[in-house]
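Peer 1: Take a look at the following structure, please.
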2 protein chains.
Amino acid sequence: MDGSFLIGGQAVTSSETFRAVDPATNEALDTDFAVSTKEHVAQACKLADEAFDSFRETDPEDRAAFLEAIADEIENVDGLVQRAMAESGLPEARLTGERGRTCGQLRLFAKLLRQGRWAEVVVDNAMPDRQPLPRADLRQRRIAVGPVAVFGASNFPLAFSVAGGDTASALAAGCPVVCKGHPAHPGTSVMVARAIANAVKKCGLHEGVFSLVQGTSNELGAALVTDPQIKAVGFTGSRAGGLALVELAQKRPEPIPVYAEMSSINPVVLFPDALKARGADLGKGYVGSLTLGSGQFCTNPGVVVAIDGPELDTFAEAAVEALSEAQPQVMLTSGIHKNYDKGVELLSGQGEVKTLARGAEGTGCNRGRAALFETTGEAFINNPELAHEVFGAASIIVRCTDFDQIAKVLEGMEGQLTATLQIDEGDHEEAAKLVPLLERKAGRILANAWPTGVEVSYAMVHGGPFPATSDPRTTSVGTAAIERFLRPVCYQDLPDALLPKPVKHDNPLKLPRIVDGERE
Amino acid sequence: MDGSFLIGGQAVTSSETFRAVDPATNEALDTDFAVSTKEHVAQACKLADEAFDSFRETDPEDRAAFLEAIADEIENVDGLVQRAMAESGLPEARLTGERGRTCGQLRLFAKLLRQGRWAEVVVDNAMPDRQPLPRADLRQRRIAVGPVAVFGASNFPLAFSVAGGDTASALAAGCPVVCKGHPAHPGTSVMVARAIANAVKKCGLHEGVFSLVQGTSNELGAALVTDPQIKAVGFTGSRAGGLALVELAQKRPEPIPVYAEMSSINPVVLFPDALKARGADLGKGYVGSLTLGSGQFCTNPGVVVAIDGPELDTFAEAAVEALSEAQPQVMLTSGIHKNYDKGVELLSGQGEVKTLARGAEGTGCNRGRAALFETTGEAFINNPELAHEVFGAASIIVRCTDFDQIAKVLEGMEGQLTATLQIDEGDHEEAAKLVPLLERKAGRILANAWPTGVEVSYAMVHGGPFPATSDPRTTSVGTAAIERFLRPVCYQDLPDALLPKPVKHDNPLKLPRIVDGERE
């Protein structure tokens, strides 16, 4: 393992270094990782800017091949999953699956590029004889916004990190990426970054298309977001972290968009017939989703809402039983573990909140003890503290008096990534009434599933109203994520010789087009 | 003329009033217009929120009919053009044309709604047998973001005001609108607002779909932008005004997007062959575009860049001649006129700036005297003051040493709405080299035209990097403007009974869809 970071294709060392820590033991791992300075950030961003014009005008097929080359390279990195295990405390099966997801994501964006819809080419043909004024020839396409800063997330060391969804969608759009590796998994970050750099080289692209900077300070991230070459930011993490980046980005002489995916408690509503038919199964399923990956998912079900009664008791009992059996798992970092414990303590200390169950106490460092609470609808409505995200396997059951109170509980919530309905056919009428409210609150509405699974596909929305994200018009998972890094440009009466390929008259890239208002 | 404003369908009066001023005479016009209070704003926003769920789920055909009804109503308002003339100082032909543009815009959005692409429906069918995990049924569509605040602009009392592009696109998206009328044309605003309210009634929609508040204070606008029911803002106006709204919107507990179209000097590059072939004609055409509507266009050509030499002299001489003959026109308000004179004075006092010509001095109030300056490429590069927008018919010719300096002049500019190339065939090679730079700088690139005409069509982009707009991913003119007011929502495994019409399995609205990655 080589601890240098990457500016373009160049491995760079530094006098200052840091080490990764194995969260299972709190012991430092073997490699010294070089810390990037502000000057390194500026170099990487300058290189990204130099790469921008050539990279953004690569043919979609060439960018698709590049994304596939990255996937191939990542699949061939020796010891990647093992290193990620040591740095994150996540189990092998999960990380093997995550590697597959990461590579599948890159290949899906390759497919999207070949389909060509992403360029959104629109042509209004000239109407020289129109009265009272002729119409010019107008051609619109979407172009890459510019170099993008990507912040690796701790909880998906592969799928939301160096070659994760933000990087994949930015590169697909034609934006060079300067990534700040998450300090919890620097070795994983370096290994993936080298895979990307290999693909850059093999595909004959400008080396500035990708750089990785590393370090533990907030100043490093601030330098990246405020660099004048950077035109957009992708981030997944805490609300405080996301808001700090948004503020920095808005105070720039040229403000830029920050796509921060931040905070969500993902309400699950249990309806009477579903509860009656399968309350115990639902309780078990709920705890399965809650404790998955030690609860370290953005879409973790943090609150369950239902009408109080014996059916809800059955659900709660099954949940308590499952949770009590839940084996404590290593959390990602000692910082996350401490914050989790603090959040659980804060929640358990609130008035009218009852602790229903705790998971087993683990032996060893940073084991997350699952926690289940309950409260009343009224208490939840009146105490906003109960709706704050606790990152980890903590959740609260809210016992409501009736459907009206359920609606009030949901109405009082901030924006969410997901909202889930557990329903049987007899519940449809009441559930249908909630759908408009949930559409206002969340980016994804599920029925009879648990929110922790996030498919990488065309229709997925992993986003939602503030504070779930800083920009609810977008998604950070699925093909629509590419839209975050594109902006429209219109060409008026440009001679064909001057038109970029995607809008040339004979359509050499065979892109799908809207011509005079109709699909061609 | 009745001076009340509108909360939903209700005409509301107030103890405080203000009057419109005829800029041609600086005399107050006849009607006392009621000033809305913060409480009125809150009422209008609450009503908009109440209207939201029913309005956003109207069938596209019903919203299309509503937009057409607004256009019909506006065409039938007696005395609208005359009132707008008195309040804006703009001539009859211009305002008659603007009314046509406004109604055409509403009808184009009606057509767009019927085409259905705006809903961007995406379906990923369930794959129950997929290994290792089944795929759920996933359906995405775009829904309206919520009630929208629209700020009427002074320079287009119809096309960018109460029923202008922001209102048309927000209503098309399914967003109720609370409009703050521009205080320069309150009578025009009330007349158009009543036309919209009539259409709301005739179409049987919730009255909260549209309200108009009026007044002269910044506090009124602040109350509107910070109202918790408002979910997005449309604005066209000054940089200071736009940035103030952006700041207010970002400090809200729930930050919201502001689409502010602000500041642009719209560079025009004259290439050698074009200059040689038609320098004098270009000079005349330039002044025609510059002085149109007293230069009160966002896309006014504020700077011309070319290689110095006798051909540029010919251009400049023709421009000087045309400008000296330009009749002074009434500007929109005395405030705008004062700011224009101040901007011209500031520009003329800069080192290495020469005043080439001034338009004739007018008799009467608020006549804008056109102004033409010139400077060197070096001076322009070194003095950012020379690149500040002067709203009105002022422009500067920048004499460059060579193509490299032209590129440097453009490179140093902030974001722009437009960039124009005057080229002949022999210029193509050099012009092509500039296109990538101009794509980074502007939302629209024109050849052999003047930027002041902005077609309302499918391919138009009236937007651009900061400070041309606060959000370069969008346009405020053309059908793509609707995207500003939509956000994606995904439905996972929802029974058909619970799915909204646009994503139901049998596609009752016959919307175009992407199914499993392919266009249906």
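Chain labels run A, B, ... following the order of the structure tokens; each chain numbers its residues from 1, and ligands are numbered from 1 in the order shown.
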Could you give me, as a Markdown table, a per-residue list for chain A showing, wherever an atom lies at most 7 Å from an atom of chain B, the closest pair of atoms and their distance in Å to one decimal, using only C-alpha atoms and sorting by chain then residue number from low to high?

Peer 2:
```
| residue | atom | partner | partner_atom | distance |
| --- | --- | --- | --- | --- |
| A:Asp53 | CA | B:Pro436 | CA | 6.8 |
| A:Val122 | CA | B:Ala459 | CA | 5.3 |
| A:Val123 | CA | B:Ala459 | CA | 5.9 |
| A:Asp124 | CA | B:Ala459 | CA | 6.0 |
| A:Leu138 | CA | B:Ala459 | CA | 5.8 |
| A:Arg139 | CA | B:Ala459 | CA | 5.5 |
| A:Gln140 | CA | B:Ala459 | CA | 4.9 |
| A:Glu254 | CA | B:Phe466 | CA | 6.1 |
| A:His428 | CA | B:Leu498 | CA | 6.9 |
| A:Ala432 | CA | B:Leu498 | CA | 5.2 |
| A:Pro436 | CA | B:Asp53 | CA | 6.8 |
| A:Glu439 | CA | B:Val489 | CA | 6.9 |
| A:Gly443 | CA | B:Val489 | CA | 4.8 |
| A:Arg444 | CA | B:Cys490 | CA | 4.5 |
| A:Ile445 | CA | B:Tyr491 | CA | 4.9 |
| A:Leu446 | CA | B:Gln492 | CA | 4.5 |
| A:Ala447 | CA | B:Leu494 | CA | 5.1 |
| A:Tyr458 | CA | B:Gly517 | CA | 6.3 |
| A:Ala459 | CA | B:Gln140 | CA | 4.9 |
| A:Met460 | CA | B:Cys490 | CA | 6.0 |
| A:Val461 | CA | B:Cys490 | CA | 5.4 |
| A:Phe466 | CA | B:Glu254 | CA | 6.1 |
| A:Pro472 | CA | B:Arg487 | CA | 6.4 |
| A:Arg473 | CA | B:Arg487 | CA | 4.3 |
| A:Thr474 | CA | B:Pro488 | CA | 6.9 |
| A:Leu486 | CA | B:Arg473 | CA | 6.8 |
| A:Arg487 | CA | B:Arg473 | CA | 4.3 |
| A:Pro488 | CA | B:Arg473 | CA | 6.3 |
| A:Val489 | CA | B:Gly443 | CA | 4.8 |
| A:Cys490 | CA | B:Arg444 | CA | 4.5 |
| A:Tyr491 | CA | B:Ile445 | CA | 4.9 |
| A:Gln492 | CA | B:Leu446 | CA | 4.6 |
| A:Asp493 | CA | B:Ala447 | CA | 5.5 |
| A:Leu494 | CA | B:Ala447 | CA | 5.2 |
| A:Leu498 | CA | B:Ala432 | CA | 5.2 |
| A:Gly517 | CA | B:Tyr458 | CA | 6.3 |
```

Peer 1: Name the residues of stretch 7-154 of chain A that come out as strand (DSSP E or B) in a backbone DSSP run; write them as a ChimeraX atom specification.

Peer 2: /A:7,10-12,17-18,21-22,27-28,33-34,121-124,127,135,138-144,148-151

Peer 1: Can I get the selected residues back with N, CA and C atoms, as a PDB file, in the first residue's frame?

Peer 2:
```
ATOM      1  N   ILE A   7      -2.644  13.722  -7.995  1.00  0.00           N
ATOM      2  CA  ILE A   7      -3.026  14.925  -8.752  1.00  0.00           C
ATOM      3  C   ILE A   7      -2.894  14.556 -10.218  1.00  0.00           C
ATOM      4  N   GLN A  10      -0.378  11.755 -11.299  1.00  0.00           N
ATOM      5  CA  GLN A  10       0.836  11.772 -10.485  1.00  0.00           C
ATOM      6  C   GLN A  10       0.576  11.428  -9.019  1.00  0.00           C
ATOM      7  N   ALA A  11       1.330  10.481  -8.518  1.00  0.00           N
ATOM      8  CA  ALA A  11       1.281  10.163  -7.089  1.00  0.00           C
ATOM      9  C   ALA A  11       2.082  11.229  -6.343  1.00  0.00           C
ATOM     10  N   VAL A  12       1.478  11.805  -5.327  1.00  0.00           N
ATOM     11  CA  VAL A  12       2.101  12.920  -4.617  1.00  0.00           C
ATOM     12  C   VAL A  12       2.226  12.573  -3.142  1.00  0.00           C
ATOM     13  N   THR A  17       1.374  13.376   7.407  1.00  0.00           N
ATOM     14  CA  THR A  17       0.642  12.147   7.073  1.00  0.00           C
ATOM     15  C   THR A  17      -0.405  11.832   8.144  1.00  0.00           C
ATOM     16  N   PHE A  18      -1.299  10.916   7.802  1.00  0.00           N
ATOM     17  CA  PHE A  18      -2.261  10.410   8.791  1.00  0.00           C
ATOM     18  C   PHE A  18      -2.487   8.935   8.508  1.00  0.00           C
ATOM     19  N   VAL A  21      -7.818   4.142  10.913  1.00  0.00           N
ATOM     20  CA  VAL A  21      -8.007   3.433  12.170  1.00  0.00           C
ATOM     21  C   VAL A  21      -8.998   2.301  11.941  1.00  0.00           C
ATOM     22  N   ASP A  22      -8.667   1.113  12.425  1.00  0.00           N
ATOM     23  CA  ASP A  22      -9.615   0.001  12.368  1.00  0.00           C
ATOM     24  C   ASP A  22     -10.659   0.224  13.458  1.00  0.00           C
ATOM     25  N   GLU A  27      -7.297   0.622  16.593  1.00  0.00           N
ATOM     26  CA  GLU A  27      -5.863   0.674  16.339  1.00  0.00           C
ATOM     27  C   GLU A  27      -5.573   1.220  14.938  1.00  0.00           C
ATOM     28  N   ALA A  28      -4.483   1.970  14.861  1.00  0.00           N
ATOM     29  CA  ALA A  28      -4.101   2.544  13.572  1.00  0.00           C
ATOM     30  C   ALA A  28      -3.663   1.423  12.629  1.00  0.00           C
ATOM     31  N   PHE A  33      -0.609   7.952   5.211  1.00  0.00           N
ATOM     32  CA  PHE A  33      -1.215   8.595   4.038  1.00  0.00           C
ATOM     33  C   PHE A  33      -0.841  10.069   4.009  1.00  0.00           C
ATOM     34  N   ALA A  34      -0.363  10.495   2.848  1.00  0.00           N
ATOM     35  CA  ALA A  34       0.056  11.886   2.688  1.00  0.00           C
ATOM     36  C   ALA A  34      -1.158  12.809   2.777  1.00  0.00           C
ATOM     37  N   VAL A 121     -31.205  17.068 -26.592  1.00  0.00           N
ATOM     38  CA  VAL A 121     -31.069  17.925 -27.776  1.00  0.00           C
ATOM     39  C   VAL A 121     -32.449  18.364 -28.274  1.00  0.00           C
ATOM     40  N   VAL A 122     -32.589  19.652 -28.464  1.00  0.00           N
ATOM     41  CA  VAL A 122     -33.851  20.241 -28.934  1.00  0.00           C
ATOM     42  C   VAL A 122     -33.537  21.150 -30.111  1.00  0.00           C
ATOM     43  N   VAL A 123     -34.254  20.975 -31.203  1.00  0.00           N
ATOM     44  CA  VAL A 123     -34.016  21.783 -32.403  1.00  0.00           C
ATOM     45  C   VAL A 123     -35.308  22.509 -32.788  1.00  0.00           C
ATOM     46  N   ASP A 124     -35.226  23.826 -32.913  1.00  0.00           N
ATOM     47  CA  ASP A 124     -36.321  24.593 -33.528  1.00  0.00           C
ATOM     48  C   ASP A 124     -35.795  25.071 -34.871  1.00  0.00           C
ATOM     49  N   MET A 127     -37.565  29.512 -39.430  1.00  0.00           N
ATOM     50  CA  MET A 127     -38.769  29.804 -40.196  1.00  0.00           C
ATOM     51  C   MET A 127     -38.557  31.183 -40.815  1.00  0.00           C
ATOM     52  N   ARG A 135     -38.191  33.295 -37.718  1.00  0.00           N
ATOM     53  CA  ARG A 135     -37.582  32.613 -36.576  1.00  0.00           C
ATOM     54  C   ARG A 135     -36.206  32.106 -36.966  1.00  0.00           C
ATOM     55  N   LEU A 138     -32.666  27.471 -33.920  1.00  0.00           N
ATOM     56  CA  LEU A 138     -32.275  27.402 -32.503  1.00  0.00           C
ATOM     57  C   LEU A 138     -32.028  25.953 -32.114  1.00  0.00           C
ATOM     58  N   ARG A 139     -30.916  25.693 -31.464  1.00  0.00           N
ATOM     59  CA  ARG A 139     -30.540  24.333 -31.082  1.00  0.00           C
ATOM     60  C   ARG A 139     -30.070  24.330 -29.635  1.00  0.00           C
ATOM     61  N   GLN A 140     -30.681  23.461 -28.838  1.00  0.00           N
ATOM     62  CA  GLN A 140     -30.309  23.388 -27.432  1.00  0.00           C
ATOM     63  C   GLN A 140     -29.719  22.030 -27.109  1.00  0.00           C
ATOM     64  N   ARG A 141     -28.719  22.036 -26.267  1.00  0.00           N
ATOM     65  CA  ARG A 141     -28.238  20.777 -25.689  1.00  0.00           C
ATOM     66  C   ARG A 141     -27.799  21.056 -24.257  1.00  0.00           C
ATOM     67  N   ARG A 142     -27.521  20.012 -23.513  1.00  0.00           N
ATOM     68  CA  ARG A 142     -26.982  20.162 -22.155  1.00  0.00           C
ATOM     69  C   ARG A 142     -25.482  19.927 -22.217  1.00  0.00           C
ATOM     70  N   ILE A 143     -24.745  20.811 -21.553  1.00  0.00           N
ATOM     71  CA  ILE A 143     -23.298  20.608 -21.474  1.00  0.00           C
ATOM     72  C   ILE A 143     -22.892  20.453 -20.010  1.00  0.00           C
ATOM     73  N   ALA A 144     -21.723  19.883 -19.806  1.00  0.00           N
ATOM     74  CA  ALA A 144     -21.186  19.699 -18.454  1.00  0.00           C
ATOM     75  C   ALA A 144     -20.968  21.059 -17.801  1.00  0.00           C
ATOM     76  N   VAL A 148     -16.065  19.151 -10.936  1.00  0.00           N
ATOM     77  CA  VAL A 148     -16.942  18.874  -9.797  1.00  0.00           C
ATOM     78  C   VAL A 148     -16.118  18.371  -8.612  1.00  0.00           C
ATOM     79  N   ALA A 149     -16.433  18.879  -7.432  1.00  0.00           N
ATOM     80  CA  ALA A 149     -15.831  18.373  -6.194  1.00  0.00           C
ATOM     81  C   ALA A 149     -16.720  17.293  -5.610  1.00  0.00           C
ATOM     82  N   VAL A 150     -16.151  16.130  -5.352  1.00  0.00           N
ATOM     83  CA  VAL A 150     -16.908  15.029  -4.744  1.00  0.00           C
ATOM     84  C   VAL A 150     -16.311  14.715  -3.376  1.00  0.00           C
ATOM     85  N   PHE A 151     -17.175  14.645  -2.380  1.00  0.00           N
ATOM     86  CA  PHE A 151     -16.736  14.269  -1.033  1.00  0.00           C
ATOM     87  C   PHE A 151     -17.105  12.812  -0.784  1.00  0.00           C
TER      88      PHE A 151
END
```

Peer 1: I'd like the contact shell of A:Thr401 - 8 Å cut-off, only C-alpha atoms, skipping same-chain residues fewer than 4 positions apart - returned as a list in words.

Peer 2: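 Listing them by chain and then by number gives Ile307, Asp308, Gly377, Gln405 and Ile406 of chain A.
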
Peer 1: Those selected residues, please, written with all heavy atoms and delivered as a CSV table (one decimal), in the first residue's frame.

Peer 2:
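Final output, saved to out.csv:
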```csv
chain,number,residue,atom,x,y,z
A,307,ILE,N,-51.7,3.6,14.4
A,307,ILE,CA,-52.7,3.8,15.4
A,307,ILE,C,-52.5,2.8,16.6
A,307,ILE,O,-52.2,1.6,16.4
A,307,ILE,CB,-54.1,3.6,14.8
A,307,ILE,CG1,-54.4,4.7,13.7
A,307,ILE,CG2,-55.2,3.7,15.9
A,307,ILE,CD1,-55.7,4.6,13.0
A,308,ASP,N,-52.6,3.3,17.8
A,308,ASP,CA,-52.4,2.6,19.0
A,308,ASP,C,-53.4,1.4,19.1
A,308,ASP,O,-54.5,1.6,18.7
A,308,ASP,CB,-52.4,3.5,20.2
A,308,ASP,CG,-51.7,2.9,21.4
A,308,ASP,OD1,-51.1,1.8,21.3
A,308,ASP,OD2,-51.8,3.5,22.5
A,377,GLY,N,-48.3,10.1,19.7
A,377,GLY,CA,-48.4,11.1,18.6
A,377,GLY,C,-48.4,12.5,19.1
A,377,GLY,O,-47.7,13.3,18.5
A,405,GLN,N,-54.3,12.1,13.5
A,405,GLN,CA,-53.1,12.3,14.2
A,405,GLN,C,-51.9,11.8,13.5
A,405,GLN,O,-50.8,12.4,13.5
A,405,GLN,CB,-53.1,11.7,15.6
A,405,GLN,CG,-52.0,12.3,16.5
A,405,GLN,CD,-52.1,11.8,17.9
A,405,GLN,OE1,-52.2,10.6,18.2
A,405,GLN,NE2,-52.1,12.8,18.9
A,406,ILE,N,-52.0,10.7,12.8
A,406,ILE,CA,-51.0,10.2,11.9
A,406,ILE,C,-50.6,11.3,10.9
A,406,ILE,O,-49.4,11.6,10.7
A,406,ILE,CB,-51.4,8.9,11.2
A,406,ILE,CG1,-51.4,7.7,12.2
A,406,ILE,CG2,-50.4,8.6,10.0
A,406,ILE,CD1,-51.8,6.4,11.6
```

Peer 1: For the structure I just gave you, how does DSSP split stretch 292-506 of chain B - specifically, which residues are helix (DSSP H, G or I)? Reply as an MDAnalysis selection string.

Peer 2: chainID B and resid 292:295 310:325 334:348 377:382 384:387 403:411 425:441 479:485 496:498 501:503

Peer 1: Pick out the residues sitting within 7 Å of stretch 268-284 of chain B, and hand them over as a ChimeraX atom specification; count only C-alpha atoms, and ignore anything fewer than 4 positions along from it in its own chain.

Peer 2: /B:288,301,303-306,311-312,314-316,318-319,322,419-424,426-427

Peer 1: Which residues are close to A:Leu113, i.e. within 7 Å by only C-alpha atoms, leaving aside same-chain residues fewer than 6 positions away? Reply as a list of chain:residue names.

Peer 2: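 What passes the distance filter is A:Pro60, A:Glu61, A:Ala64, A:Ala172.
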
Peer 1: Export C-alpha atoms of the chosen residues as an mmCIF file, in the first residue's frame?

Peer 2:
```cif
data_model
loop_
_atom_site.group_PDB
_atom_site.id
_atom_site.type_symbol
_atom_site.label_atom_id
_atom_site.label_comp_id
_atom_site.auth_asym_id
_atom_site.auth_seq_id
_atom_site.Cartn_x
_atom_site.Cartn_y
_atom_site.Cartn_z
ATOM 1 C CA PRO A 60 -20.694 9.747 -25.498
ATOM 2 C CA GLU A 61 -19.377 6.368 -26.665
ATOM 3 C CA ALA A 64 -19.157 5.225 -21.848
ATOM 4 C CA ALA A 172 -20.807 10.700 -17.292
#
```

Peer 1: Quick one: everything within 8 Å of stretch 198-214 of chain B, counting only C-alpha atoms, minus sequence neighbours fewer than 4 positions away in the same chain. Send it as an MDAnalysis selection string.

Peer 2: chainID B and resid 5:9 33:36 40:41 44 47:52 54:55 65:66 69:70 73 162 175:183 186 190 193:194

Peer 1: Can you tell me how far atom CA of B:Gly89 sits from atom CA of B:Ala394, in Å to one decimal?

Peer 2: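 Atom-to-atom, atom CA of B:Gly89 to atom CA of B:Ala394, that is 18.8 Å.
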
Peer 1: Measuring atom to atom with only C-alpha atoms, identify which of B:Gly187, B:Pro147, B:Val192, B:Arg369 is nearest to B:Asp72.

Peer 2: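 Ranking B:Gly187, B:Pro147, B:Val192, B:Arg369 by distance to B:Asp72, first place goes to B:Val192.
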
Peer 1: How many Å separate atom CA of B:Phe235 from atom CA of B:Tyr259?

Peer 2: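 Straight-line distance from atom CA of B:Phe235 to atom CA of B:Tyr259 works out to 6.1 Å.
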
Peer 1: Fewer than 3 positions away in the same chain doesn't count, so skip those; otherwise give me all residues within 10 Å of stretch 346-359 of chain A, counting only C-alpha atoms, as a PyMOL selection string.

Peer 2: chain A and resi 291+316-317+319-328+340-343+362+368-376+378-380+383+385-388+390+393-398

Peer 1: In Å to one decimal, how far is atom CA of B:Val233 from atom CA of B:Arg252?

Peer 2: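 Computed distance, atom CA of B:Arg252 to atom CA of B:Val233, equals 12.9 Å.
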